[in-house]
Amino acid sequence: MPEPLRNYLIAKSRNPGDVLNAATRLFGGSITTSPLNGLSSGADHELRGVVADDFAVGYFASPLDVRVASVGGRSSYFVNIGVTGAISASCGGLPATLDRTTAGVVNPGDTQELRPLRSTRTGFVGLRIDAALVEQEFTALTGHPPVSTVRFDFALDVARSKGRAVRLLVRSLLEQLDSGDSLFQRQELQRSQLRCIVTALLLAQPHSHTGALRDGPHSGHPRSLRTALAFIEANLAERITLGDIAKAAACSPRTISSAFRARLGLSPLAYVRNRRLDRIRADILASTDSVGTIAYRWGVSHLGRFAAEYRNRFAELPSATAARR
């Protein structure tokens with residue numbers, strides 16, 4: 001992979017603080033970076049990058065040892081892939097050497113330490129992915145959202161077939177950005193490529209919900225639950241009660257509630273709430289309508305309660321999502 005994002009220079013300086021501050025800005029306040037050995041350095045530090053609604057990608061070239069920690073705001077995953085040289089990395093006490101054969105996958109809330117090995121010029125690509133997008137792609141693969149946060153193993157082997165697919169898709173995204181073609185600057189196309197990367201990551205890298213991917217969409221669900229899920233998707237903008245869901249599934253409220261809890265790990269109405277919030281978030285990012293207009297469109301009747309539920313699900317208020325449009 002040649003050095004990427006050559007036309008997207010954000011900062012280049014002999015002052016490492018300039019690049020650390022730029023990295024925090026690039027990733028939208030999702031991270032805080034701090035040097036492990038002070039800020040004194042006579043070497044060049046460089047950051048290039050692109051930011052979009054639900055992801056950011058950057059190329060970082062610096063000999064600085066840093067600690068990267070998640071902070072309040074959006075919940076994100078990070079994938080770090082070596083381009084030149086090698087980096088001694090650790091996350092949650094797990095070590096890995098990040099280079100052209102091994103990438104690192106960092107889960108929401110985790111802190112990582114990156115220490116470039118100084119024998120050669122070191123550079124790596126960092127990809128930030130909104131946790132909501134990982135959840136959406138997991139749901140598309142399995143037919144239901146994860147019952148808890150998907151947590152990936154740290155070290156990803158990108159030299160073998162499955163991991164290589166992730167690397168090639170990331171490389172494709174970077175090549176599209178570097179092409180200069182205006183078509184590839186459209187966020188719709190970038191997001192489509194990112195969804196492919198997330199899907200490949202879910203299928204290639206072991207994680208806390210790997211077993212759920214073996215069943216495929218809805219295949220492990222009883223007919224009543226499949227019918228209930230289809231009814232919910234078709235009526236999300238309407239008022240939906242537990243009785244409505246049970247009637248559509250042709251079973252009692254107790255039976256359908258038990259099926260939801262056993263298979264999906266949450267109640268039918270909690271599932272409705274989460275799916276409705278997902279739709280609202282997508283509309284906020286894609287539309288210039290006010291948050292209130294969008295929320296009412298999806299059946300929200302109490303904006304204060306909606307805002308609290310939205311923050312619980314996405315770690316930010318709907319107004320913060322709207323500010324990134």
# chains A, B, ... in the order shown; residues from 1 in each chain; ligands from 1

$ residues_around --residues "Arg164 (chain A)" --least-positions-apart "6" --cutoff "10 Å" --atoms "only C-alpha atoms" --output "list in words"
Thr101, Thr102, Leu156, Asp157, Val158, Val170, Ala200 and Ala204 of chain A

$ residues_around --residues "Gly243 (chain A)" --least-positions-apart "4" --cutoff "12 Å" --atoms "only C-alpha atoms" --output "number ranges by chain"
A: 228, 239, 247-257, 268-269

$ write_last_selection --atoms "C-alpha atoms" --output "PDB file, in the first residue's frame"
ATOM      1  CA  ALA A 228     -43.331 -10.071  14.299  1.00  0.00           C
ATOM      2  CA  ARG A 239     -47.883   3.547  17.125  1.00  0.00           C
ATOM      3  CA  LYS A 247     -51.738 -10.200  16.971  1.00  0.00           C
ATOM      4  CA  ALA A 248     -49.509  -9.977  13.886  1.00  0.00           C
ATOM      5  CA  ALA A 249     -47.530 -13.004  15.094  1.00  0.00           C
ATOM      6  CA  ALA A 250     -50.733 -14.937  15.867  1.00  0.00           C
ATOM      7  CA  CYS A 251     -49.718 -15.710  19.440  1.00  0.00           C
ATOM      8  CA  SER A 252     -50.181 -14.337  22.938  1.00  0.00           C
ATOM      9  CA  PRO A 253     -48.273 -11.288  24.243  1.00  0.00           C
ATOM     10  CA  ARG A 254     -46.502 -13.515  26.768  1.00  0.00           C
ATOM     11  CA  THR A 255     -45.386 -15.960  24.066  1.00  0.00           C
ATOM     12  CA  ILE A 256     -44.017 -13.306  21.726  1.00  0.00           C
ATOM     13  CA  SER A 257     -42.320 -11.498  24.624  1.00  0.00           C
ATOM     14  CA  PRO A 268     -40.562  -6.413  21.826  1.00  0.00           C
ATOM     15  CA  LEU A 269     -41.100  -2.750  22.667  1.00  0.00           C
TER      16      LEU A 269
END

$ residues_around --residues "Ser192 (chain A)" --least-positions-apart "2" --cutoff "12 Å" --atoms "only C-alpha atoms" --output "list in words"
Asp54, Phe55, Leu133, Glu137, Leu169, Ser172, Leu173, Phe184, Arg186, Gln187, Glu188, Leu189, Gln190, Leu194, Arg195, Cys196, Ile197, Val198 and Thr199 of chain A

$ residues_around --residues "region 280-293 of chain A" --least-positions-apart "4" --cutoff "8 Å" --atoms "only C-alpha atoms" --output "list of chain:residue names"
A:Asp53, A:Arg276, A:Arg297, A:Trp298, A:Leu303, A:Pro318, A:Ser319, A:Thr321, A:Ala322, A:Arg324, A:Arg325

$ select_by_dssp --residues "region 79-222 of chain A" --states "strand (DSSP E)" --output "PyMOL selection string"
chain A and resi 79-84+87-91+94-98+102-106+111-116+123-130+155-157

$ write_last_selection --atoms "N, CA and C atoms" --output "CSV table (one decimal), in the first residue's frame"
chain,number,residue,atom,x,y,z
A,79,VAL,N,-9.6,0.8,13.5
A,79,VAL,CA,-8.8,-0.2,12.9
A,79,VAL,C,-7.5,0.5,12.4
A,80,ASN,N,-6.3,0.0,12.9
A,80,ASN,CA,-5.0,0.5,12.6
A,80,ASN,C,-4.3,-0.5,11.7
A,81,ILE,N,-3.8,0.0,10.5
A,81,ILE,CA,-3.2,-0.9,9.6
A,81,ILE,C,-1.8,-0.3,9.2
A,82,GLY,N,-0.7,-1.0,9.4
A,82,GLY,CA,0.6,-0.5,9.1
A,82,GLY,C,0.8,-0.3,7.6
A,83,VAL,N,1.5,0.8,7.2
A,83,VAL,CA,1.8,1.1,5.8
A,83,VAL,C,3.3,0.9,5.6
A,84,THR,N,4.1,1.6,6.5
A,84,THR,CA,5.5,1.5,6.4
A,84,THR,C,6.0,1.3,7.8
A,87,ILE,N,4.8,-0.9,14.3
A,87,ILE,CA,4.4,-0.3,15.6
A,87,ILE,C,4.2,-1.4,16.6
A,88,SER,N,4.8,-1.2,17.8
A,88,SER,CA,4.5,-2.0,18.9
A,88,SER,C,3.3,-1.5,19.6
A,89,ALA,N,2.2,-2.2,19.6
A,89,ALA,CA,0.9,-1.7,20.1
A,89,ALA,C,0.4,-2.6,21.2
A,90,SER,N,-0.4,-2.0,22.1
A,90,SER,CA,-1.1,-2.8,23.1
A,90,SER,C,-2.4,-2.2,23.4
A,91,CYS,N,-3.4,-3.1,23.7
A,91,CYS,CA,-4.7,-2.7,24.0
A,91,CYS,C,-5.3,-3.7,25.0
A,94,LEU,N,-3.2,-6.6,25.8
A,94,LEU,CA,-2.8,-7.5,24.7
A,94,LEU,C,-1.8,-6.8,23.8
A,95,PRO,N,-0.7,-7.4,23.6
A,95,PRO,CA,0.3,-6.8,22.7
A,95,PRO,C,0.2,-7.3,21.2
A,96,ALA,N,0.6,-6.5,20.3
A,96,ALA,CA,0.7,-6.9,18.9
A,96,ALA,C,1.7,-5.9,18.2
A,97,THR,N,2.3,-6.4,17.2
A,97,THR,CA,3.2,-5.6,16.3
A,97,THR,C,2.4,-5.3,15.0
A,98,LEU,N,2.0,-4.1,14.8
A,98,LEU,CA,1.2,-3.7,13.7
A,98,LEU,C,2.2,-3.3,12.5
A,102,THR,N,-0.2,-7.5,10.1
A,102,THR,CA,-1.1,-7.5,11.3
A,102,THR,C,-1.6,-6.1,11.5
A,103,ALA,N,-3.0,-6.1,11.7
A,103,ALA,CA,-3.7,-4.8,12.0
A,103,ALA,C,-4.2,-4.9,13.4
A,104,GLY,N,-4.6,-3.8,14.0
A,104,GLY,CA,-5.2,-3.8,15.3
A,104,GLY,C,-6.6,-3.3,15.3
A,105,VAL,N,-7.5,-4.0,16.0
A,105,VAL,CA,-8.9,-3.5,16.1
A,105,VAL,C,-9.2,-3.2,17.5
A,106,VAL,N,-9.6,-1.9,17.7
A,106,VAL,CA,-9.9,-1.4,19.1
A,106,VAL,C,-11.3,-1.1,19.2
A,111,THR,N,-8.5,1.7,25.5
A,111,THR,CA,-7.3,2.6,25.4
A,111,THR,C,-6.2,1.8,24.8
A,112,GLN,N,-5.5,2.4,23.8
A,112,GLN,CA,-4.4,1.7,23.2
A,112,GLN,C,-3.1,2.5,23.3
A,113,GLU,N,-2.0,1.8,23.2
A,113,GLU,CA,-0.7,2.5,23.2
A,113,GLU,C,0.0,2.1,22.0
A,114,LEU,N,0.6,3.1,21.3
A,114,LEU,CA,1.3,2.9,20.0
A,114,LEU,C,2.7,3.4,20.1
A,115,ARG,N,3.7,2.5,19.9
A,115,ARG,CA,5.1,2.9,20.0
A,115,ARG,C,5.8,2.5,18.7
A,116,PRO,N,6.0,3.5,17.8
A,116,PRO,CA,6.7,3.1,16.5
A,116,PRO,C,8.1,2.6,16.8
A,123,GLY,N,4.6,4.6,9.4
A,123,GLY,CA,3.4,5.2,9.1
A,123,GLY,C,2.2,4.2,9.1
A,124,PHE,N,1.1,4.6,9.6
A,124,PHE,CA,-0.1,3.7,9.6
A,124,PHE,C,-1.3,4.4,9.3
A,125,VAL,N,-2.3,3.6,8.8
A,125,VAL,CA,-3.7,4.2,8.5
A,125,VAL,C,-4.5,3.9,9.7
A,126,GLY,N,-5.3,4.9,10.2
A,126,GLY,CA,-6.2,4.7,11.3
A,126,GLY,C,-7.6,4.9,10.7
A,127,LEU,N,-8.5,4.0,10.9
A,127,LEU,CA,-9.9,4.1,10.4
A,127,LEU,C,-10.8,4.1,11.6
A,128,ARG,N,-11.6,5.2,11.8
A,128,ARG,CA,-12.6,5.2,12.8
A,128,ARG,C,-14.0,4.9,12.3
A,129,ILE,N,-14.7,4.0,12.9
A,129,ILE,CA,-16.0,3.6,12.4
A,129,ILE,C,-17.0,3.8,13.6
A,130,ASP,N,-18.1,4.4,13.3
A,130,ASP,CA,-19.2,4.6,14.3
A,130,ASP,C,-19.7,3.2,14.8
A,155,ALA,N,-5.7,-8.3,17.6
A,155,ALA,CA,-4.8,-8.5,16.5
A,155,ALA,C,-5.6,-9.2,15.3
A,156,LEU,N,-5.5,-8.5,14.1
A,156,LEU,CA,-6.2,-9.0,12.9
A,156,LEU,C,-5.1,-9.4,11.9
A,157,ASP,N,-5.0,-10.6,11.5
A,157,ASP,CA,-4.0,-11.1,10.5
A,157,ASP,C,-4.5,-10.7,9.1

$ select_by_dssp --residues "region 10-197 of chain A" --states "alpha helix (DSSP H)" --output "compact mmCIF listing (two decimals) with N, CA, C and O atoms, in the first residue's frame"
# COMPACT_ATOMS: atom_id res chain seq x y z
N PRO A 16 5.27 17.91 17.72
CA PRO A 16 4.31 16.81 17.76
C PRO A 16 2.96 17.21 18.30
O PRO A 16 1.94 16.60 17.97
N GLY A 17 2.92 18.27 19.14
CA GLY A 17 1.63 18.72 19.66
C GLY A 17 0.68 19.15 18.56
O GLY A 17 -0.53 18.94 18.67
N ASP A 18 1.23 19.73 17.48
CA ASP A 18 0.38 20.15 16.36
C ASP A 18 -0.33 18.96 15.75
O ASP A 18 -1.51 19.03 15.41
N VAL A 19 0.40 17.86 15.60
CA VAL A 19 -0.18 16.69 14.95
C VAL A 19 -1.15 15.97 15.90
O VAL A 19 -2.20 15.47 15.48
N LEU A 20 -0.83 15.93 17.19
CA LEU A 20 -1.74 15.31 18.14
C LEU A 20 -3.06 16.05 18.20
O LEU A 20 -4.14 15.45 18.23
N ASN A 21 -2.99 17.39 18.22
CA ASN A 21 -4.23 18.18 18.22
C ASN A 21 -5.02 17.97 16.94
O ASN A 21 -6.25 17.89 16.95
N ALA A 22 -4.31 17.88 15.82
CA ALA A 22 -4.98 17.66 14.54
C ALA A 22 -5.64 16.29 14.49
O ALA A 22 -6.73 16.13 13.94
N ALA A 23 -5.01 15.29 15.09
CA ALA A 23 -5.59 13.95 15.12
C ALA A 23 -6.89 13.93 15.90
O ALA A 23 -7.87 13.29 15.51
N THR A 24 -6.93 14.66 17.02
CA THR A 24 -8.16 14.74 17.80
C THR A 24 -9.26 15.42 17.00
O THR A 24 -10.42 15.00 17.03
N ARG A 25 -8.89 16.48 16.26
CA ARG A 25 -9.90 17.17 15.43
C ARG A 25 -10.39 16.26 14.30
O ARG A 25 -11.57 16.24 13.99
N LEU A 26 -9.48 15.52 13.70
CA LEU A 26 -9.85 14.64 12.59
C LEU A 26 -10.90 13.64 13.02
O LEU A 26 -11.87 13.38 12.30
N ALA A 131 -19.87 3.08 16.09
CA ALA A 131 -20.40 1.82 16.62
C ALA A 131 -21.78 1.53 16.05
O ALA A 131 -22.15 0.36 15.84
N ALA A 132 -22.57 2.56 15.76
CA ALA A 132 -23.91 2.36 15.22
C ALA A 132 -23.84 1.66 13.87
O ALA A 132 -24.72 0.84 13.54
N LEU A 133 -22.82 1.95 13.07
CA LEU A 133 -22.70 1.31 11.76
C LEU A 133 -22.34 -0.17 11.90
O LEU A 133 -22.85 -1.02 11.16
N VAL A 134 -21.49 -0.50 12.86
CA VAL A 134 -21.16 -1.90 13.12
C VAL A 134 -22.42 -2.65 13.54
O VAL A 134 -22.70 -3.77 13.08
N GLU A 135 -23.22 -2.04 14.40
CA GLU A 135 -24.46 -2.66 14.84
C GLU A 135 -25.43 -2.85 13.67
O GLU A 135 -26.07 -3.90 13.55
N GLN A 136 -25.52 -1.86 12.80
CA GLN A 136 -26.41 -1.97 11.65
C GLN A 136 -26.00 -3.11 10.72
O GLN A 136 -26.85 -3.87 10.23
N GLU A 137 -24.71 -3.25 10.46
CA GLU A 137 -24.26 -4.31 9.57
C GLU A 137 -24.39 -5.68 10.23
O GLU A 137 -24.70 -6.67 9.56
N PHE A 138 -24.18 -5.75 11.53
CA PHE A 138 -24.42 -7.00 12.25
C PHE A 138 -25.88 -7.40 12.13
O PHE A 138 -26.22 -8.56 11.88
N THR A 139 -26.78 -6.43 12.28
CA THR A 139 -28.22 -6.69 12.17
C THR A 139 -28.58 -7.16 10.77
O THR A 139 -29.40 -8.07 10.60
N ALA A 140 -27.94 -6.57 9.74
CA ALA A 140 -28.21 -6.99 8.37
C ALA A 140 -27.76 -8.43 8.13
O ALA A 140 -28.39 -9.17 7.37
N LEU A 141 -26.67 -8.84 8.79
CA LEU A 141 -26.15 -10.19 8.61
C LEU A 141 -26.96 -11.24 9.36
O LEU A 141 -27.11 -12.37 8.90
N THR A 142 -27.46 -10.88 10.53
CA THR A 142 -28.10 -11.86 11.40
C THR A 142 -29.62 -11.75 11.46
O THR A 142 -30.29 -12.69 11.87
N SER A 161 -6.37 -15.09 4.14
CA SER A 161 -7.46 -14.78 3.22
C SER A 161 -8.53 -13.87 3.79
O SER A 161 -8.88 -12.85 3.18
N LYS A 162 -9.08 -14.18 4.98
CA LYS A 162 -10.18 -13.37 5.51
C LYS A 162 -9.71 -11.97 5.87
O LYS A 162 -10.33 -10.97 5.50
N GLY A 163 -8.61 -11.89 6.60
CA GLY A 163 -8.10 -10.58 6.97
C GLY A 163 -7.62 -9.79 5.77
O GLY A 163 -7.73 -8.56 5.74
N ARG A 164 -7.10 -10.50 4.76
CA ARG A 164 -6.64 -9.81 3.55
C ARG A 164 -7.80 -9.09 2.87
O ARG A 164 -7.62 -8.02 2.27
N ALA A 165 -9.01 -9.66 2.96
CA ALA A 165 -10.18 -9.00 2.37
C ALA A 165 -10.42 -7.64 3.01
O ALA A 165 -10.74 -6.67 2.33
N VAL A 166 -10.25 -7.56 4.34
CA VAL A 166 -10.41 -6.27 5.03
C VAL A 166 -9.37 -5.29 4.53
O VAL A 166 -9.68 -4.13 4.21
N ARG A 167 -8.13 -5.73 4.44
CA ARG A 167 -7.05 -4.85 3.99
C ARG A 167 -7.30 -4.35 2.57
O ARG A 167 -7.13 -3.15 2.28
N LEU A 168 -7.73 -5.25 1.67
CA LEU A 168 -7.97 -4.85 0.29
C LEU A 168 -9.11 -3.86 0.17
O LEU A 168 -9.07 -2.93 -0.64
N LEU A 169 -10.15 -4.02 1.00
CA LEU A 169 -11.27 -3.09 0.96
C LEU A 169 -10.86 -1.72 1.50
O LEU A 169 -11.29 -0.68 0.97
N VAL A 170 -10.05 -1.69 2.55
CA VAL A 170 -9.53 -0.41 3.05
C VAL A 170 -8.66 0.24 1.99
O VAL A 170 -8.77 1.45 1.72
N ARG A 171 -7.82 -0.56 1.36
CA ARG A 171 -6.96 -0.03 0.29
C ARG A 171 -7.80 0.54 -0.85
O ARG A 171 -7.48 1.60 -1.41
N SER A 172 -8.89 -0.15 -1.19
CA SER A 172 -9.77 0.34 -2.25
C SER A 172 -10.37 1.69 -1.89
O SER A 172 -10.45 2.60 -2.73
N LEU A 173 -10.81 1.83 -0.63
CA LEU A 173 -11.36 3.12 -0.18
C LEU A 173 -10.32 4.23 -0.32
O LEU A 173 -10.62 5.33 -0.82
N LEU A 174 -9.08 3.95 0.09
CA LEU A 174 -8.02 4.95 0.02
C LEU A 174 -7.69 5.30 -1.43
O LEU A 174 -7.48 6.47 -1.78
N GLU A 175 -7.66 4.29 -2.30
CA GLU A 175 -7.36 4.55 -3.71
C GLU A 175 -8.46 5.38 -4.36
O GLU A 175 -8.18 6.24 -5.20
N GLN A 176 -9.70 5.14 -3.96
CA GLN A 176 -10.80 5.95 -4.48
C GLN A 176 -10.64 7.41 -4.05
O GLN A 176 -10.82 8.33 -4.85
N LEU A 177 -10.30 7.62 -2.79
CA LEU A 177 -10.12 8.98 -2.29
C LEU A 177 -8.95 9.66 -3.00
O LEU A 177 -8.99 10.85 -3.31
N ASP A 178 -7.87 8.89 -3.26
CA ASP A 178 -6.68 9.46 -3.88
C ASP A 178 -6.82 9.66 -5.38
O ASP A 178 -5.99 10.33 -6.00
N GLN A 187 -20.34 11.16 -0.45
CA GLN A 187 -20.40 10.39 0.79
C GLN A 187 -21.21 9.11 0.64
O GLN A 187 -20.97 8.13 1.34
N GLU A 188 -22.17 9.10 -0.28
CA GLU A 188 -22.95 7.86 -0.49
C GLU A 188 -22.04 6.73 -0.93
O GLU A 188 -22.18 5.58 -0.47
N LEU A 189 -21.10 7.02 -1.83
CA LEU A 189 -20.20 5.99 -2.32
C LEU A 189 -19.19 5.60 -1.25
O LEU A 189 -18.87 4.41 -1.07
N GLN A 190 -18.70 6.59 -0.53
CA GLN A 190 -17.76 6.29 0.56
C GLN A 190 -18.42 5.41 1.62
O GLN A 190 -17.82 4.45 2.11
N ARG A 191 -19.67 5.72 1.94
CA ARG A 191 -20.36 4.95 2.98
C ARG A 191 -20.63 3.52 2.51
O ARG A 191 -20.56 2.57 3.29
N SER A 192 -20.94 3.36 1.21
CA SER A 192 -21.14 2.02 0.67
C SER A 192 -19.86 1.20 0.81
O SER A 192 -19.90 0.03 1.20
N GLN A 193 -18.71 1.82 0.52
CA GLN A 193 -17.45 1.13 0.67
C GLN A 193 -17.17 0.81 2.14
O GLN A 193 -16.68 -0.28 2.47
N LEU A 194 -17.51 1.74 3.02
CA LEU A 194 -17.29 1.50 4.44
C LEU A 194 -18.15 0.35 4.94
O LEU A 194 -17.70 -0.47 5.75
N ARG A 195 -19.39 0.26 4.47
CA ARG A 195 -20.26 -0.85 4.88
C ARG A 195 -19.65 -2.18 4.47
O ARG A 195 -19.72 -3.16 5.22
N CYS A 196 -19.02 -2.23 3.30
CA CYS A 196 -18.34 -3.46 2.87
C CYS A 196 -17.19 -3.80 3.82
O CYS A 196 -16.98 -4.98 4.17
N ILE A 197 -16.45 -2.78 4.24
CA ILE A 197 -15.35 -3.00 5.17
C ILE A 197 -15.87 -3.56 6.49
O ILE A 197 -15.31 -4.51 7.05

$ closest_residue --among "A:Leu225, A:Ala61, A:Leu236, A:Ala69" --to "Asn274 (chain A)" --atoms "only C-alpha atoms"
A:Leu236

$ closest_residue --among "A:Gly28, A:Leu36, A:Glu316, A:Asp44" --to "Asn15 (chain A)" --atoms "only C-alpha atoms"
A:Asp44

$ atom_distance --atom1 "CA of Glu3 (chain A)" --atom2 "CA of Gly58 (chain A)"
11.0 Å

$ atom_distance --atom1 "CA of Asp244 (chain A)" --atom2 "CA of Ser148 (chain A)"
26.5 Å

$ atom_distance --atom1 "CA of Phe27 (chain A)" --atom2 "CA of Val51 (chain A)"
7.2 Å

$ closest_residue --among "A:Gln205, A:Ser301, A:Ser224, A:Thr210" --to "Ala237 (chain A)" --atoms "only C-alpha atoms"
A:Ser301

$ residues_around --residues "Leu266 (chain A)" --least-positions-apart "4" --cutoff "12 Å" --atoms "only C-alpha atoms" --output "number ranges by chain"
A: 144-148, 256-262, 270-274
